[in-house]
>>> print(open('target-v1.csv').read())   # CSV, C-alpha atoms (C1' of nucleotides)
chain,number,residue,atom,x,y,z
A,1033,MET,CA,18.6,-84.4,-7.3
A,1034,ALA,CA,15.4,-83.8,-9.2
A,1035,ARG,CA,13.0,-85.7,-11.4
A,1036,GLU,CA,11.3,-87.5,-8.5
A,1037,GLY,CA,7.8,-87.2,-7.2
A,1038,GLN,CA,5.8,-85.9,-10.2
A,1039,GLY,CA,7.0,-83.8,-13.1
A,1040,PRO,CA,9.0,-85.6,-15.8
A,1041,ALA,CA,11.6,-82.8,-16.0
A,1042,TRP,CA,12.8,-84.2,-19.2
A,1043,THR,CA,14.4,-81.7,-21.6
A,1044,ASP,CA,12.2,-83.0,-24.4
A,1045,PRO,CA,9.8,-85.6,-23.0
A,1046,ASN,CA,8.8,-87.4,-26.2
A,1047,CYS,CA,12.2,-87.5,-28.0
A,1048,PRO,CA,14.2,-90.6,-27.2
A,1049,VAL,CA,17.4,-88.9,-28.1
A,1050,ALA,CA,16.8,-86.1,-25.6
A,1051,ARG,CA,15.9,-88.6,-22.9
A,1052,THR,CA,19.0,-90.5,-23.4
A,1053,VAL,CA,21.1,-87.3,-23.4
A,1054,ASP,CA,19.4,-86.4,-20.2
A,1055,LEU,CA,20.6,-89.6,-18.6
A,1056,VAL,CA,24.1,-90.0,-19.9
A,1057,GLY,CA,24.8,-86.7,-21.8
A,1058,ASP,CA,27.3,-85.1,-19.5
A,1059,ARG,CA,31.0,-84.9,-19.5
A,1060,TRP,CA,31.5,-88.1,-17.5
A,1061,SER,CA,28.7,-90.6,-17.5
A,1062,LEU,CA,29.6,-92.1,-20.9
A,1063,LEU,CA,33.3,-92.4,-19.9
A,1064,ILE,CA,32.2,-94.2,-16.7
A,1065,ILE,CA,30.1,-96.6,-18.8
A,1066,ARG,CA,33.0,-97.0,-21.2
A,1067,ASP,CA,35.3,-98.0,-18.4
A,1068,ALA,CA,32.7,-100.3,-16.9
A,1069,MET,CA,32.6,-102.0,-20.3
A,1070,ASP,CA,36.3,-102.3,-20.2
A,1071,GLY,CA,36.4,-104.0,-16.7
A,1072,ALA,CA,36.3,-101.2,-14.2
A,1073,ARG,CA,34.4,-102.2,-11.0
A,1074,SER,CA,35.5,-100.2,-8.0
A,1075,PHE,CA,35.3,-96.5,-7.1
A,1076,THR,CA,39.0,-96.0,-7.5
A,1077,ASP,CA,39.1,-97.9,-10.8
A,1078,PHE,CA,36.7,-95.4,-12.2
A,1079,GLN,CA,38.4,-92.5,-10.5
A,1080,GLN,CA,41.9,-93.4,-11.8
A,1081,ARG,CA,40.8,-94.2,-15.3
A,1082,THR,CA,38.7,-91.1,-15.9
A,1083,GLY,CA,40.4,-88.6,-13.7
A,1084,ILE,CA,37.1,-87.3,-12.5
A,1085,ALA,CA,36.8,-85.5,-9.2
A,1086,ARG,CA,35.8,-87.8,-6.4
A,1087,ASN,CA,32.7,-86.0,-5.3
A,1088,ILE,CA,31.4,-85.8,-8.9
A,1089,LEU,CA,32.2,-89.5,-9.3
A,1090,THR,CA,30.1,-90.3,-6.2
A,1091,GLU,CA,27.3,-88.3,-7.6
A,1092,ARG,CA,27.5,-89.9,-11.1
A,1093,LEU,CA,27.7,-93.4,-9.8
A,1094,ARG,CA,24.6,-92.7,-7.7
A,1095,LYS,CA,22.7,-91.2,-10.6
A,1096,LEU,CA,23.6,-94.0,-13.0
A,1097,THR,CA,22.6,-96.5,-10.3
A,1098,ALA,CA,19.3,-94.7,-9.6
A,1099,HIS,CA,18.4,-94.8,-13.3
A,1100,GLY,CA,19.2,-98.5,-13.6
A,1101,LEU,CA,22.4,-98.4,-15.6
A,1102,LEU,CA,24.6,-99.7,-12.8
A,1103,THR,CA,24.1,-101.8,-9.8
A,1104,GLN,CA,26.1,-102.2,-6.7
A,1105,VAL,CA,27.2,-105.7,-5.9
A,1106,ASP,CA,29.1,-106.9,-2.8
A,1107,ALA,CA,32.5,-108.1,-3.6
A,1108,PRO,CA,33.1,-111.9,-3.4
A,1109,SER,CA,35.7,-111.5,-0.6
A,1110,GLY,CA,35.9,-108.6,1.8
A,1111,ARG,CA,33.2,-105.9,2.1
A,1112,ARG,CA,34.0,-103.5,-0.6
A,1113,ARG,CA,31.2,-102.4,-2.8
A,1114,LEU,CA,31.6,-102.9,-6.5
A,1115,TYR,CA,29.6,-101.5,-9.4
A,1116,ALA,CA,28.5,-103.5,-12.4
A,1117,LEU,CA,26.5,-102.7,-15.6
A,1118,THR,CA,22.9,-103.7,-15.7
A,1119,GLU,CA,21.4,-105.0,-18.9
A,1120,ALA,CA,20.3,-101.5,-19.7
A,1121,GLY,CA,23.8,-100.3,-19.1
A,1122,LYS,CA,25.3,-103.0,-21.3
A,1123,ASP,CA,22.8,-102.1,-23.9
A,1124,LEU,CA,24.6,-98.7,-24.3
A,1125,PHE,CA,27.4,-100.7,-26.1
A,1126,PRO,CA,26.2,-99.6,-29.6
A,1127,VAL,CA,26.3,-96.0,-28.4
A,1128,VAL,CA,29.8,-96.2,-27.1
A,1129,VAL,CA,30.9,-98.0,-30.3
A,1130,THR,CA,29.5,-95.3,-32.6
A,1131,LEU,CA,31.0,-92.6,-30.5
A,1132,ARG,CA,34.3,-94.4,-30.7
A,1133,GLN,CA,34.1,-94.9,-34.4
A,1134,TRP,CA,33.2,-91.3,-35.1
A,1135,GLY,CA,36.1,-90.2,-33.0
A,1136,GLU,CA,38.5,-92.4,-34.9
A,1137,ARG,CA,37.3,-90.9,-38.2
A,1138,HIS,CA,37.1,-87.3,-37.2
A,1139,ALA,CA,38.8,-86.4,-34.0
A,1140,PHE,CA,42.4,-87.4,-34.8
A,1141,GLU,CA,45.0,-85.9,-37.0
A,1142,ALA,CA,46.5,-88.0,-39.7
A,1143,GLY,CA,49.6,-89.2,-37.8
A,1144,GLU,CA,48.0,-89.6,-34.4
A,1145,THR,CA,47.6,-93.0,-32.8
A,1146,HIS,CA,44.7,-94.1,-30.7
A,1147,SER,CA,43.2,-97.2,-29.0
A,1148,VAL,CA,41.2,-99.6,-31.2
A,1149,LEU,CA,38.2,-101.8,-30.5
A,1150,VAL,CA,38.8,-105.4,-31.5
A,1151,ASP,CA,36.7,-108.5,-31.5
A,1152,GLY,CA,37.6,-111.9,-30.0
A,1153,ASP,CA,39.9,-112.6,-32.9
A,1154,GLY,CA,41.7,-109.3,-32.6
A,1155,ALA,CA,40.1,-108.0,-35.7
A,1156,ARG,CA,39.0,-104.3,-35.8
A,1157,VAL,CA,35.2,-104.0,-35.3
A,1158,PRO,CA,33.7,-102.7,-38.6
A,1159,ASP,CA,31.9,-99.3,-38.7
A,1160,LEU,CA,28.3,-99.4,-37.6
A,1161,LEU,CA,25.9,-98.0,-40.2
A,1162,PRO,CA,22.2,-97.6,-40.0
A,1163,VAL,CA,20.3,-99.6,-42.7
A,1164,ALA,CA,16.7,-99.7,-43.8
A,1165,ALA,CA,14.5,-102.7,-43.3
A,1166,ASN,CA,15.5,-103.8,-46.8
A,1167,GLY,CA,19.2,-103.5,-46.0
A,1168,SER,CA,20.0,-100.3,-47.9
A,1169,PRO,CA,22.2,-97.8,-46.1
A,1170,LEU,CA,20.5,-94.8,-44.4
A,1171,THR,CA,21.6,-91.2,-43.7
A,1172,SER,CA,19.8,-88.3,-42.0
A,1173,ASP,CA,18.7,-87.3,-45.5
A,1174,THR,CA,16.9,-90.6,-46.1
A,1175,THR,CA,15.1,-90.9,-42.8
A,1176,SER,CA,12.6,-88.8,-40.9
A,1177,VAL,CA,11.2,-88.6,-37.5
A,1178,ARG,CA,7.5,-89.4,-37.2
A,1179,ARG,CA,6.0,-87.7,-34.2
A,1180,HIS,CA,4.1,-89.7,-31.6
A,1181,ALA,CA,3.9,-93.2,-33.1
B,1426,MET,CA,37.3,-71.2,-25.8
B,1427,ALA,CA,40.4,-73.5,-25.3
B,1428,ARG,CA,42.2,-76.2,-27.1
B,1429,GLU,CA,43.9,-73.9,-29.6
B,1430,GLY,CA,47.5,-73.1,-30.0
B,1431,GLN,CA,49.3,-76.0,-28.4
B,1432,GLY,CA,48.1,-78.2,-25.6
B,1433,PRO,CA,45.7,-81.0,-26.5
B,1434,ALA,CA,43.5,-80.4,-23.5
B,1435,TRP,CA,41.6,-83.5,-24.3
B,1436,THR,CA,40.1,-85.4,-21.3
B,1437,ASP,CA,41.8,-88.6,-22.5
B,1438,PRO,CA,43.9,-87.9,-25.6
B,1439,ASN,CA,44.2,-91.3,-27.0
B,1440,CYS,CA,40.6,-92.6,-26.5
B,1441,PRO,CA,38.3,-91.9,-29.4
B,1442,VAL,CA,35.3,-92.1,-27.2
B,1443,ALA,CA,36.6,-89.5,-24.9
B,1444,ARG,CA,37.5,-87.2,-27.7
B,1445,THR,CA,34.0,-87.4,-29.2
B,1446,VAL,CA,32.5,-86.8,-25.8
B,1447,ASP,CA,34.8,-83.7,-25.4
B,1448,LEU,CA,33.3,-82.4,-28.7
B,1449,VAL,CA,29.6,-83.2,-28.4
B,1450,GLY,CA,29.1,-84.7,-24.9
B,1451,ASP,CA,27.4,-81.8,-23.3
B,1452,ARG,CA,23.7,-81.2,-22.5
B,1453,TRP,CA,23.0,-79.5,-25.8
B,1454,SER,CA,25.3,-80.2,-28.7
B,1455,LEU,CA,23.8,-83.5,-29.6
B,1456,LEU,CA,20.3,-82.0,-29.6
B,1457,ILE,CA,21.5,-79.3,-31.9
B,1458,ILE,CA,22.9,-82.0,-34.2
B,1459,ARG,CA,19.7,-83.9,-34.0
B,1460,ASP,CA,17.7,-80.9,-35.0
B,1461,ALA,CA,20.1,-80.0,-37.8
B,1462,MET,CA,19.5,-83.6,-39.1
B,1463,ASP,CA,15.8,-83.0,-38.8
B,1464,GLY,CA,16.0,-79.8,-40.9
B,1465,ALA,CA,16.8,-76.9,-38.5
B,1466,ARG,CA,18.9,-74.2,-40.2
B,1467,SER,CA,18.5,-70.9,-38.4
B,1468,PHE,CA,19.4,-69.6,-35.0
B,1469,THR,CA,15.8,-69.4,-34.0
B,1470,ASP,CA,15.0,-72.8,-35.4
B,1471,PHE,CA,17.5,-74.3,-33.0
B,1472,GLN,CA,16.5,-72.0,-30.2
B,1473,GLN,CA,12.8,-72.9,-30.4
B,1474,ARG,CA,13.3,-76.6,-31.0
B,1475,THR,CA,15.7,-77.2,-28.1
B,1476,GLY,CA,14.7,-74.4,-25.7
B,1477,ILE,CA,18.3,-73.7,-25.0
B,1478,ALA,CA,19.3,-70.2,-23.7
B,1479,ARG,CA,20.3,-67.9,-26.5
B,1480,ASN,CA,23.8,-67.1,-25.2
B,1481,ILE,CA,24.5,-70.8,-24.8
B,1482,LEU,CA,23.2,-71.5,-28.2
B,1483,THR,CA,25.5,-68.9,-29.7
B,1484,GLU,CA,28.4,-70.5,-27.9
B,1485,ARG,CA,27.5,-74.0,-29.0
B,1486,LEU,CA,27.0,-73.1,-32.6
B,1487,ARG,CA,30.4,-71.4,-32.6
B,1488,LYS,CA,32.0,-74.4,-31.0
B,1489,LEU,CA,30.5,-76.9,-33.3
B,1490,THR,CA,31.4,-74.7,-36.3
B,1491,ALA,CA,35.0,-74.3,-35.0
B,1492,HIS,CA,35.4,-78.0,-34.7
B,1493,GLY,CA,34.0,-78.6,-38.2
B,1494,LEU,CA,30.6,-80.2,-37.5
B,1495,LEU,CA,28.6,-77.2,-38.8
B,1496,THR,CA,29.2,-74.5,-41.4
B,1497,GLN,CA,27.6,-71.2,-41.9
B,1498,VAL,CA,26.1,-70.6,-45.3
B,1499,ASP,CA,24.5,-67.5,-46.6
B,1500,ALA,CA,20.9,-67.9,-47.2
B,1501,PRO,CA,19.8,-67.9,-50.9
B,1502,SER,CA,17.7,-64.8,-50.6
B,1503,GLY,CA,18.2,-62.2,-47.9
B,1504,ARG,CA,21.3,-61.9,-45.8
B,1505,ARG,CA,20.4,-64.3,-42.9
B,1506,ARG,CA,23.1,-66.7,-41.9
B,1507,LEU,CA,22.1,-70.3,-41.8
B,1508,TYR,CA,23.9,-73.3,-40.4
B,1509,ALA,CA,24.3,-76.7,-42.1
B,1510,LEU,CA,25.9,-79.9,-41.1
B,1511,THR,CA,29.3,-80.7,-42.6
B,1512,GLU,CA,30.2,-84.2,-43.7
B,1513,ALA,CA,31.7,-84.8,-40.2
B,1514,GLY,CA,28.5,-83.5,-38.7
B,1515,LYS,CA,26.3,-85.7,-40.8
B,1516,ASP,CA,28.6,-88.6,-39.9
B,1517,LEU,CA,27.3,-88.4,-36.4
B,1518,PHE,CA,24.1,-89.9,-37.7
B,1519,PRO,CA,24.9,-93.4,-36.3
B,1520,VAL,CA,25.5,-91.9,-32.9
B,1521,VAL,CA,22.2,-90.1,-32.9
B,1522,VAL,CA,20.5,-93.3,-34.1
B,1523,THR,CA,22.0,-95.5,-31.3
B,1524,LEU,CA,21.1,-92.9,-28.7
B,1525,ARG,CA,17.6,-92.8,-30.0
B,1526,GLN,CA,17.2,-96.5,-30.1
B,1527,TRP,CA,18.6,-96.9,-26.5
B,1528,GLY,CA,16.1,-94.3,-25.4
B,1529,GLU,CA,13.3,-96.1,-27.0
B,1530,ARG,CA,14.2,-99.3,-25.3
B,1531,HIS,CA,15.1,-98.0,-21.8
B,1532,ALA,CA,13.9,-94.5,-21.2
B,1533,PHE,CA,10.1,-94.8,-21.6
B,1534,GLU,CA,7.5,-96.5,-19.5
B,1535,ALA,CA,5.4,-99.2,-21.0
B,1536,GLY,CA,2.5,-97.0,-22.1
B,1537,GLU,CA,4.3,-93.8,-23.1
B,1538,THR,CA,4.4,-92.7,-26.7
B,1539,HIS,CA,7.5,-91.2,-28.4
B,1540,SER,CA,8.6,-90.1,-31.9
B,1541,VAL,CA,10.0,-92.8,-34.2
B,1542,LEU,CA,12.7,-92.8,-36.8
B,1543,VAL,CA,11.5,-94.1,-40.2
B,1544,ASP,CA,13.1,-94.7,-43.6
B,1545,GLY,CA,11.9,-93.5,-46.9
B,1546,ASP,CA,9.1,-96.1,-47.0
B,1547,GLY,CA,7.9,-95.2,-43.6
B,1548,ALA,CA,9.3,-98.4,-42.0
B,1549,ARG,CA,10.9,-98.2,-38.6
B,1550,VAL,CA,14.7,-98.2,-38.8
B,1551,PRO,CA,16.0,-101.5,-37.3
B,1552,ASP,CA,18.2,-101.5,-34.2
B,1553,LEU,CA,21.8,-101.0,-34.8
B,1554,LEU,CA,24.1,-103.7,-33.4
B,1555,PRO,CA,27.8,-104.1,-33.5
B,1556,VAL,CA,29.0,-107.1,-35.4
B,1557,ALA,CA,32.4,-108.8,-35.9
B,1558,ALA,CA,34.2,-108.9,-39.2
B,1559,ASN,CA,32.6,-112.3,-39.7
B,1560,GLY,CA,29.1,-111.0,-39.0
B,1561,SER,CA,28.5,-112.4,-35.5
B,1562,PRO,CA,27.0,-110.0,-33.0
B,1563,LEU,CA,29.3,-108.3,-30.5
B,1564,THR,CA,28.8,-107.1,-26.9
B,1565,SER,CA,31.2,-105.4,-24.5
B,1566,ASP,CA,32.1,-108.8,-23.2
B,1567,THR,CA,33.2,-110.1,-26.6
B,1568,THR,CA,35.3,-107.1,-27.5
B,1569,SER,CA,38.3,-105.4,-26.1
B,1570,VAL,CA,40.2,-102.2,-26.5
B,1571,ARG,CA,43.7,-102.5,-27.8
B,1572,ARG,CA,45.8,-99.5,-26.6
B,1573,HIS,CA,47.7,-97.6,-29.2
B,1574,ALA,CA,47.2,-99.5,-32.4
C,275,DC,C1',9.3,-44.0,-42.0
C,276,DC,C1',7.3,-47.7,-38.8
C,277,DG,C1',7.0,-51.7,-36.5
C,278,DA,C1',8.3,-56.5,-36.4
C,279,DC,C1',11.7,-60.1,-36.8
C,280,DT,C1',16.2,-62.1,-36.7
C,281,DG,C1',20.5,-63.0,-34.7
C,282,DG,C1',22.8,-62.0,-31.6
C,283,DT,C1',25.3,-59.6,-26.9
C,284,DT,C1',25.4,-58.3,-22.1
C,285,DT,C1',24.5,-58.6,-17.3
C,286,DC,C1',23.7,-61.0,-13.4
C,287,DA,C1',22.0,-64.9,-10.4
C,288,DT,C1',22.1,-69.8,-10.0
C,289,DT,C1',24.2,-74.4,-10.7
C,290,DT,C1',27.7,-77.4,-11.6
C,291,DT,C1',32.3,-78.7,-11.4
C,292,DG,C1',36.8,-79.4,-9.5
C,293,DC,C1',40.3,-79.4,-6.0
C,294,DA,C1',42.1,-80.4,-1.7
C,295,DA,C1',41.7,-81.8,2.8
C,296,DC,C1',39.4,-84.7,6.0
C,297,DT,C1',37.0,-89.0,7.8
C,298,DA,C1',35.5,-93.7,8.8
C,299,DA,C1',35.9,-98.5,8.0
C,300,DT,C1',38.7,-102.3,6.7
C,301,DC,C1',43.0,-104.9,5.7
C,302,DG,C1',47.6,-106.8,6.1
C,303,DG,C1',51.3,-107.5,8.7
C,304,DG,C1',54.4,-107.9,12.6
D,1399,DC,C1',46.8,-106.1,19.3
D,1400,DC,C1',48.5,-102.1,17.2
D,1401,DC,C1',50.4,-99.7,12.9
D,1402,DG,C1',50.2,-97.9,8.6
D,1403,DA,C1',48.1,-98.3,4.1
D,1404,DT,C1',44.0,-98.6,1.2
D,1405,DT,C1',39.2,-97.9,0.0
D,1406,DA,C1',35.2,-95.2,-0.4
D,1407,DG,C1',33.6,-91.7,0.3
D,1408,DT,C1',32.3,-86.5,2.5
D,1409,DT,C1',33.0,-81.6,3.2
D,1410,DG,C1',34.1,-76.8,2.3
D,1411,DC,C1',35.3,-73.6,-0.8
D,1412,DA,C1',36.7,-71.4,-5.3
D,1413,DA,C1',36.1,-71.3,-10.3
D,1414,DA,C1',33.6,-72.3,-14.4
D,1415,DA,C1',29.4,-73.2,-16.9
D,1416,DT,C1',24.5,-72.4,-17.4
D,1417,DG,C1',20.2,-69.9,-17.6
D,1418,DA,C1',16.9,-65.9,-17.7
D,1419,DA,C1',16.0,-61.6,-19.2
D,1420,DA,C1',16.9,-57.3,-21.0
D,1421,DC,C1',19.1,-54.9,-24.6
D,1422,DC,C1',20.7,-53.8,-29.4
D,1423,DA,C1',21.8,-53.5,-34.4
D,1424,DG,C1',20.6,-54.7,-39.1
D,1425,DT,C1',17.1,-56.1,-42.3
D,1426,DC,C1',12.3,-56.5,-44.3
D,1427,DG,C1',7.5,-55.5,-45.6
D,1428,DG,C1',4.6,-52.2,-46.1
>>> encode(input="target-v1.csv", output="C-alpha cells")
Amino acid sequence: MAREGQGPAWTDPNCPVARTVDLVGDRWSLLIIRDAMDGARSFTDFQQRTGIARNILTERLRKLTAHGLLTQVDAPSGRRRLYALTEAGKDLFPVVVTLRQWGERHAFEAGETHSVLVDGDGARVPDLLPVAANGSPLTSDTTSVRRHA
Amino acid sequence: MAREGQGPAWTDPNCPVARTVDLVGDRWSLLIIRDAMDGARSFTDFQQRTGIARNILTERLRKLTAHGLLTQVDAPSGRRRLYALTEAGKDLFPVVVTLRQWGERHAFEAGETHSVLVDGDGARVPDLLPVAANGSPLTSDTTSVRRHA
DNA sequence: CCGACTGGTTTCATTTTGCAACTAATCGGG
DNA sequence: CCCGATTAGTTGCAAAATGAAACCAGTCGG
C-alpha cells in the first residue's frame, strides 16, 4: 500500500476534490460504493455485479475499509464476513447521484434506455444543482476557490 | 483508444453511474475538469496545476475532447491551442462540488486547512443534498434504482 | 539570427490490472 | 460422517496503463 507512517502522499494535499479522487477515483471504487448503496453485502455480490477481477476486488474492499468507507460485519447466521457502508461511505450518496444524473444527461444516445433512480414513491429524483446561500443557482463561472480558508 | 466503430465497451452499459465513471473516473480526468473550471486553458496550465505526466496529459485531453467534454479553441492572439469546457463539461460542476464537499467533510483531520468553494459574495457554497420531488431529503436507504425505465 | 517557451512525442522502466487456476473453510444433504 | 457445492479469498503470470525523462518542431521577442 502506501500513505502510512508519515508523508501524506496526496496528489494535491489541500484540495478536497483531489483528496476524494485519491480515495475513490479509480475505475472500481465508486461502482463498489454504488452497489453497496443498492444492497450488495458479500464479496460475491460485489464481484458479480461489477465484474471486477477477484484480486482487485479484494484490494479495493481492503482499501475502502482502511479508509473508513466500509466496515466488515459478521453475518447474523453463519460465519461469512459481510461489508457495509460506514456513515462516511453513505455520505458519498450525493456524489453517486450527481455522477448518475450527469450520465443520464450526457452519456446516452437519444433512444437508449438506462436505469433510473427513484424515491420511495417511485418518482424520479430531481437533478441536483449547486445553489448559493441565497438560493440562486451556481455554475463554475459564478463560484471560485478560495485557497486555504 | 477504443469504444469506436461498434461495440459499446462500457463497463456496465445501462448504468449511468458506470458510464460516467468510464469517461471521467480515472486518477486525472476530474482534476483536469476541476482546473478547467478554475480557469486553466493551456497544456502547461494543466500540467503545472495537476503535476500529471505530459504524455498522459496529452492522452487525457484528447480523450476528454473526443468525448465532448472539452474543445480546442484557437487563442485570440498567436497560434497556441487552448482548451475550454463544453456545455457537457461544465455540467460536471455538480459532480465536482459533491466530491469537494465530501472531501471537506471526510478527508481532512480536525486541524487541517483546505481550499473552499465560495459564491460571488464570498459565502461558502452550501452542501448539496438529494431531495425527493416533494422536497424531503433522500439517502441511499430511501431511494432505489429502477432497471430499464 | 538567437535563445526561450509552448505543446507536444518517444522511449523505456515501473505499476496496476485482469485472467485463470488454486486453496481453505464452511454448509447442506444423504 | 462423507460428498459436493459455495464462499472468500490467494497466487502466478501476462497485458495494459502510468510515469519520468529526453527529445523535437514551431513560434515569439528581441
>>> residues_around(input="target-v1.csv", residues="stretch 1447-1461 of chain B", least_positions_apart="5", cutoff="7 Å", atoms="only C-alpha atoms (C1' of nucleotides)", output="count of residues only")
14
>>> closest_atom_pairs(input="target-v1.csv", of="chain B", to="chain C", cutoff="9 Å", atoms="all atoms listed in the file", output="JSON lines")
{"residue": "B:Ser1467", "atom": "CA", "partner": "C:DG281", "partner_atom": "C1'", "distance": 8.9}
{"residue": "B:Phe1468", "atom": "CA", "partner": "C:DG281", "partner_atom": "C1'", "distance": 6.7}
{"residue": "B:Thr1469", "atom": "CA", "partner": "C:DT280", "partner_atom": "C1'", "distance": 7.8}
{"residue": "B:Arg1479", "atom": "CA", "partner": "C:DG282", "partner_atom": "C1'", "distance": 8.2}
{"residue": "B:Asn1480", "atom": "CA", "partner": "C:DT283", "partner_atom": "C1'", "distance": 7.8}
{"residue": "B:Thr1483", "atom": "CA", "partner": "C:DG282", "partner_atom": "C1'", "distance": 7.6}
{"residue": "B:Arg1505", "atom": "CA", "partner": "C:DT280", "partner_atom": "C1'", "distance": 7.8}
{"residue": "B:Arg1506", "atom": "CA", "partner": "C:DG281", "partner_atom": "C1'", "distance": 8.5}
>>> residues_around(input="target-v1.csv", residues="A:Asp1151", least_positions_apart="4", cutoff="7 Å", atoms="all atoms listed in the file", output="ChimeraX atom specification")
/A:1155-1157 /B:1557,1567-1569
>>> write_last_selection(input="target-v1.csv", atoms="C-alpha atoms", output="PDB file, in the coordinates of the input")
ATOM      1  CA  ALA A1155      40.100-108.000 -35.700  1.00  0.00           C
ATOM      2  CA  ARG A1156      39.000-104.300 -35.800  1.00  0.00           C
ATOM      3  CA  VAL A1157      35.200-104.000 -35.300  1.00  0.00           C
TER       4      VAL A1157
ATOM      5  CA  ALA B1557      32.400-108.800 -35.900  1.00  0.00           C
ATOM      6  CA  THR B1567      33.200-110.100 -26.600  1.00  0.00           C
ATOM      7  CA  THR B1568      35.300-107.100 -27.500  1.00  0.00           C
ATOM      8  CA  SER B1569      38.300-105.400 -26.100  1.00  0.00           C
TER       9      SER B1569
END
>>> interface_residues(input="target-v1.csv", of="chain D", to="chain B", cutoff="9 Å", atoms="all atoms listed in the file", output="PyMOL selection string")
chain D and resi 1416-1418+1425-1426
>>> write_last_selection(input="target-v1.csv", atoms="C-alpha atoms (C1' of nucleotides)", output="compact mmCIF listing (two decimals), in the coordinates of the input")
# COMPACT_ATOMS: atom_id res chain seq x y z
C1' DT D 1416 24.50 -72.40 -17.40
C1' DG D 1417 20.20 -69.90 -17.60
C1' DA D 1418 16.90 -65.90 -17.70
C1' DT D 1425 17.10 -56.10 -42.30
C1' DC D 1426 12.30 -56.50 -44.30
>>> closest_atom_pairs(input="target-v1.csv", of="chain A", to="chain B", cutoff="6 Å", atoms="only C-alpha atoms", output="JSON lines")
{"residue": "A:Asn1046", "atom": "CA", "partner": "B:His1539", "partner_atom": "CA", "distance": 4.6}
{"residue": "A:Cys1047", "atom": "CA", "partner": "B:Ser1540", "partner_atom": "CA", "distance": 5.9}
{"residue": "A:Pro1048", "atom": "CA", "partner": "B:Gly1528", "partner_atom": "CA", "distance": 4.5}
{"residue": "A:Val1049", "atom": "CA", "partner": "B:Arg1525", "partner_atom": "CA", "distance": 4.3}
{"residue": "A:Thr1052", "atom": "CA", "partner": "B:Gly1528", "partner_atom": "CA", "distance": 5.2}
{"residue": "A:Gly1057", "atom": "CA", "partner": "B:Arg1452", "partner_atom": "CA", "distance": 5.7}
{"residue": "A:Asp1058", "atom": "CA", "partner": "B:Asp1451", "partner_atom": "CA", "distance": 5.0}
{"residue": "A:Arg1059", "atom": "CA", "partner": "B:Gly1450", "partner_atom": "CA", "distance": 5.7}
{"residue": "A:Met1069", "atom": "CA", "partner": "B:Ser1565", "partner_atom": "CA", "distance": 5.6}
{"residue": "A:Pro1126", "atom": "CA", "partner": "B:Leu1554", "partner_atom": "CA", "distance": 6.0}
{"residue": "A:Val1127", "atom": "CA", "partner": "B:Thr1523", "partner_atom": "CA", "distance": 5.2}
{"residue": "A:Thr1130", "atom": "CA", "partner": "B:Val1520", "partner_atom": "CA", "distance": 5.3}
{"residue": "A:Leu1131", "atom": "CA", "partner": "B:Val1442", "partner_atom": "CA", "distance": 5.4}
{"residue": "A:Arg1132", "atom": "CA", "partner": "B:Val1442", "partner_atom": "CA", "distance": 4.3}
{"residue": "A:Gly1135", "atom": "CA", "partner": "B:Pro1441", "partner_atom": "CA", "distance": 4.5}
{"residue": "A:Glu1136", "atom": "CA", "partner": "B:Pro1441", "partner_atom": "CA", "distance": 5.5}
{"residue": "A:Thr1145", "atom": "CA", "partner": "B:His1573", "partner_atom": "CA", "distance": 5.8}
{"residue": "A:His1146", "atom": "CA", "partner": "B:Asn1439", "partner_atom": "CA", "distance": 4.7}
{"residue": "A:Ser1147", "atom": "CA", "partner": "B:Arg1572", "partner_atom": "CA", "distance": 4.2}
{"residue": "A:Val1148", "atom": "CA", "partner": "B:Arg1571", "partner_atom": "CA", "distance": 5.1}
{"residue": "A:Leu1149", "atom": "CA", "partner": "B:Val1570", "partner_atom": "CA", "distance": 4.5}
{"residue": "A:Val1150", "atom": "CA", "partner": "B:Ser1569", "partner_atom": "CA", "distance": 5.4}
{"residue": "A:Asp1151", "atom": "CA", "partner": "B:Thr1568", "partner_atom": "CA", "distance": 4.5}
{"residue": "A:Gly1152", "atom": "CA", "partner": "B:Thr1567", "partner_atom": "CA", "distance": 5.8}
{"residue": "A:Val1157", "atom": "CA", "partner": "B:Ala1557", "partner_atom": "CA", "distance": 5.6}
{"residue": "A:Ala1164", "atom": "CA", "partner": "B:Val1550", "partner_atom": "CA", "distance": 5.6}
{"residue": "A:Ser1172", "atom": "CA", "partner": "B:Met1462", "partner_atom": "CA", "distance": 5.5}
{"residue": "A:Thr1174", "atom": "CA", "partner": "B:Gly1545", "partner_atom": "CA", "distance": 5.8}
{"residue": "A:Thr1175", "atom": "CA", "partner": "B:Asp1544", "partner_atom": "CA", "distance": 4.4}
{"residue": "A:Ser1176", "atom": "CA", "partner": "B:Val1543", "partner_atom": "CA", "distance": 5.5}
{"residue": "A:Val1177", "atom": "CA", "partner": "B:Leu1542", "partner_atom": "CA", "distance": 4.5}
{"residue": "A:Arg1178", "atom": "CA", "partner": "B:Val1541", "partner_atom": "CA", "distance": 5.2}
{"residue": "A:Arg1179", "atom": "CA", "partner": "B:Ser1540", "partner_atom": "CA", "distance": 4.2}
{"residue": "A:His1180", "atom": "CA", "partner": "B:Ser1540", "partner_atom": "CA", "distance": 4.5}
{"residue": "A:Ala1181", "atom": "CA", "partner": "B:Ser1540", "partner_atom": "CA", "distance": 5.8}
>>> atom_distance(input="target-v1.csv", atom1="atom CA of A:Gln1079", atom2="atom CA of A:Lys1095")
15.8 Å
